[in-house]
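So the structure is just underneath, and the comments pick up after that.
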Amino acid sequence: MANSTFKLATWNINSVRLRIGIVEQFLKDHEPDVLCLQEIKCQNDQFPQKAFDALGYTYSAVHGQKGYHGVATVSKQPLNEIASTDYVGMGDTRHVKCLVDTKVGPLHVHNFYVPAGSDEADPVKNPKFDHKLKFLDEMKELTSDIDGAPSILVGDLNIAPLENDVWSHKKLLKVVSHTPIETDGLNDVMRSGDWRDLIRKHIPEDEKIFTWWSYRAKDWDAADKGRRLDHVWSSPKIADNLSDIMVLREARGWEKPSDHVPVMATFKF
DNA sequence: ATGACGGATCTAATCCGA
């Protein structure tokens with residue numbers, strides 16, 4: 001057990017079928033044990049499992065639907081207890097969990113795609129924002145402590161909670177993804193479930209770090225108007241085993257990129 | 001700097017993302 005390493009990555013891929021080529025490249029270059037994808041935008045039987053099989057990711061937990069949303073967790077190690085929760089009873093595909101049989105023991109992995117919430121930050125006028133807030137409310141029930149095994153929660157949570165999680169705190173205070181009702185809500189989810197923010201455990205809060213840049217910006221790299229929408233959380237004990245967090249900014253500049261980049265956490269035991 | 005983009009869908013214009 002000594003000197004074992006476990007690597008887990010999360011990536012909102014914005015269509016796994018369109019971007020299977022860069023997914024393969026990422027897996028070859030970085031070799032995570034587990035990859036959690038969001039916005040796969042396909043049904044379960046359209047998921048490109050063969051491409052993952054060829055790279056050794058023979059285990060998968062896929063929860064997709066036609067055209068929109070959808071999450072998938074692929075793994076080199078067996079996945080058990082695969083299940084999804086229908087948050088807010090919408091019948092959409094925004095969560096899949098599993099128990100990974102890692103080299104160092106069982107690990108619960110939750111893969112989330114929280115609703116974006118549309119433009120207007122008012123739950124009365126905007127049903128999608130209402131949906132987002134209700135989704136957060138229900139996430140508060142999710143604890144990081146399940147029968148003593150460690151837990152990891154990752155995904156596109158569509159909220160940038162801290163000042164340096166956005167390019168301008170002042171300019172984005174009324175913009176959906178950084179409004180106080182959302183950032184308070186996300187902090188409540190973290191507190192009530194006893195989750196640790198591993199990106200911020202590794203990168204100090206006074207340092208800007210982003211995982212998403214809009215497609216609409218002319219020069220995303222120069223303008224750098226990003227947000228940290230993607231997250232890696234864990235239960236307290238395994239947080240002490242974190243040895244590295246990598247935010248693969250360069251992936252935003254790849255051919256036909258997703259608007260999100262991969263984030264990978266490395267644990268040492 | 002709420003958009004100038006980009007995805008999926010009964011391929012054409014519509015919905016969606018954040």
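Note on naming: chains are A, B, ... as they come in the structure tokens, residues start from 1 per chain, ligands start from 1 in the order shown.
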
Pick out the chain B residues within 10 Å of chain A. Count only C-alpha atoms (C1' of nucleotides). Give them as a PyMOL selection string. chain B and resi 1-9+16-18

Among region 47-254 of chain A, which residues carry a DSSP assignment of helix (DSSP H, G or I), reported as an MDAnalysis selection string? chainID A and resid 49:54 87:89 127:139 163:165 169:172 180:193 198:202 220:223 236:239 249:253

Go through A:Ala51, A:Leu172, A:Met139, A:Ile199 one by one, measure the shortest atom-to-atom distance of each to Ile20 (chain A) using only C-alpha atoms, and give the residue with the smallest value.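 Among the listed residues, A:Ala51 lies closest to Ile20 (chain A).
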
Got a sec: who's within 12 Å of Lys76 (chain A), counting only C-alpha atoms (C1' of nucleotides), leaving out chain neighbours fewer than 2 positions off, as a PyMOL selection string? chain A and resi 6-8+27+31-35+52-61+73-74+78-79+100-103

Serialized selection, N, CA and C atoms, as a JSON list (two decimals), in the first residue's frame:
[["chain", "number", "residue", "atom", "x", "y", "z"],
["A", 6, "PHE", "N", -3.19, 7.61, -6.69],
["A", 6, "PHE", "CA", -4.51, 7.55, -7.33],
["A", 6, "PHE", "C", -4.78, 8.91, -7.96],
["A", 7, "LYS", "N", -5.15, 8.88, -9.25],
["A", 7, "LYS", "CA", -5.41, 10.14, -9.97],
["A", 7, "LYS", "C", -6.84, 10.16, -10.51],
["A", 8, "LEU", "N", -7.53, 11.27, -10.25],
["A", 8, "LEU", "CA", -8.90, 11.42, -10.73],
["A", 8, "LEU", "C", -9.05, 12.77, -11.43],
["A", 27, "LEU", "N", -6.19, 11.28, -21.95],
["A", 27, "LEU", "CA", -6.00, 10.04, -21.17],
["A", 27, "LEU", "C", -4.62, 9.45, -21.41],
["A", 31, "GLU", "N", -3.02, 9.84, -17.96],
["A", 31, "GLU", "CA", -3.31, 8.55, -17.33],
["A", 31, "GLU", "C", -3.98, 8.62, -15.96],
["A", 32, "PRO", "N", -5.11, 9.36, -15.84],
["A", 32, "PRO", "CA", -5.84, 9.28, -14.56],
["A", 32, "PRO", "C", -6.41, 7.87, -14.38],
["A", 33, "ASP", "N", -6.63, 7.48, -13.14],
["A", 33, "ASP", "CA", -7.31, 6.21, -12.89],
["A", 33, "ASP", "C", -8.79, 6.32, -13.24],
["A", 34, "VAL", "N", -9.35, 7.49, -12.96],
["A", 34, "VAL", "CA", -10.78, 7.73, -13.16],
["A", 34, "VAL", "C", -10.96, 9.08, -13.86],
["A", 35, "LEU", "N", -11.87, 9.12, -14.83],
["A", 35, "LEU", "CA", -12.22, 10.39, -15.49],
["A", 35, "LEU", "C", -13.73, 10.59, -15.39],
["A", 52, "PHE", "N", -12.72, 4.16, -25.01],
["A", 52, "PHE", "CA", -12.23, 4.08, -23.63],
["A", 52, "PHE", "C", -11.67, 2.69, -23.33],
["A", 53, "ASP", "N", -12.36, 1.65, -23.82],
["A", 53, "ASP", "CA", -11.87, 0.28, -23.64],
["A", 53, "ASP", "C", -10.44, 0.14, -24.15],
["A", 54, "ALA", "N", -10.20, 0.71, -25.32],
["A", 54, "ALA", "CA", -8.89, 0.57, -25.98],
["A", 54, "ALA", "C", -7.76, 1.18, -25.14],
["A", 55, "LEU", "N", -8.12, 2.11, -24.27],
["A", 55, "LEU", "CA", -7.10, 2.75, -23.43],
["A", 55, "LEU", "C", -7.10, 2.19, -22.01],
["A", 56, "GLY", "N", -7.87, 1.13, -21.79],
["A", 56, "GLY", "CA", -7.87, 0.48, -20.48],
["A", 56, "GLY", "C", -8.96, 0.94, -19.54],
["A", 57, "TYR", "N", -9.81, 1.85, -20.01],
["A", 57, "TYR", "CA", -10.92, 2.35, -19.18],
["A", 57, "TYR", "C", -12.15, 1.49, -19.46],
["A", 58, "THR", "N", -12.09, 0.25, -18.97],
["A", 58, "THR", "CA", -13.11, -0.73, -19.34],
["A", 58, "THR", "C", -14.34, -0.67, -18.43],
["A", 59, "TYR", "N", -14.25, 0.09, -17.35],
["A", 59, "TYR", "CA", -15.39, 0.23, -16.44],
["A", 59, "TYR", "C", -16.01, 1.61, -16.61],
["A", 60, "SER", "N", -17.34, 1.66, -16.66],
["A", 60, "SER", "CA", -17.96, 2.97, -16.83],
["A", 60, "SER", "C", -19.33, 3.03, -16.17],
["A", 61, "ALA", "N", -19.67, 4.23, -15.76],
["A", 61, "ALA", "CA", -21.00, 4.53, -15.22],
["A", 61, "ALA", "C", -21.53, 5.69, -16.06],
["A", 73, "THR", "N", -18.73, 8.46, -15.82],
["A", 73, "THR", "CA", -17.50, 8.22, -15.10],
["A", 73, "THR", "C", -16.86, 6.97, -15.69],
["A", 74, "VAL", "N", -15.62, 7.09, -16.17],
["A", 74, "VAL", "CA", -14.91, 5.92, -16.73],
["A", 74, "VAL", "C", -13.70, 5.63, -15.85],
["A", 78, "PRO", "N", -12.50, -1.36, -11.18],
["A", 78, "PRO", "CA", -13.93, -1.67, -11.17],
["A", 78, "PRO", "C", -14.80, -0.63, -10.47],
["A", 79, "LEU", "N", -15.99, -0.44, -11.02],
["A", 79, "LEU", "CA", -16.98, 0.47, -10.44],
["A", 79, "LEU", "C", -18.16, -0.35, -9.93],
["A", 100, "VAL", "N", -15.60, 3.19, -6.42],
["A", 100, "VAL", "CA", -14.44, 2.73, -7.19],
["A", 100, "VAL", "C", -13.61, 1.78, -6.33],
["A", 101, "ASP", "N", -13.28, 0.64, -6.91],
["A", 101, "ASP", "CA", -12.45, -0.34, -6.21],
["A", 101, "ASP", "C", -10.98, -0.01, -6.50],
["A", 102, "THR", "N", -10.45, 0.99, -5.79],
["A", 102, "THR", "CA", -9.08, 1.46, -6.08],
["A", 102, "THR", "C", -8.05, 0.52, -5.44],
["A", 103, "LYS", "N", -6.78, 0.75, -5.82],
["A", 103, "LYS", "CA", -5.69, -0.05, -5.26],
["A", 103, "LYS", "C", -5.59, 0.13, -3.75]]

Write out as number ranges by chain all residues of region 41-146 of chain A that DSSP puts in strand (DSSP E or B) for this structure's backbone. A: 59-63, 71-75, 79-83, 95-102, 105-113, 146

CA of Phe210 (chain A) and CA of Leu198 (chain A), how far apart in Å?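 Separation between CA of Leu198 (chain A) and CA of Phe210 (chain A): 14.0 Å.
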
Atom pair CA of Val96 (chain A) / CA of Gln25 (chain A): separation (Å):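 These two atoms are separated by 24.1 Å.
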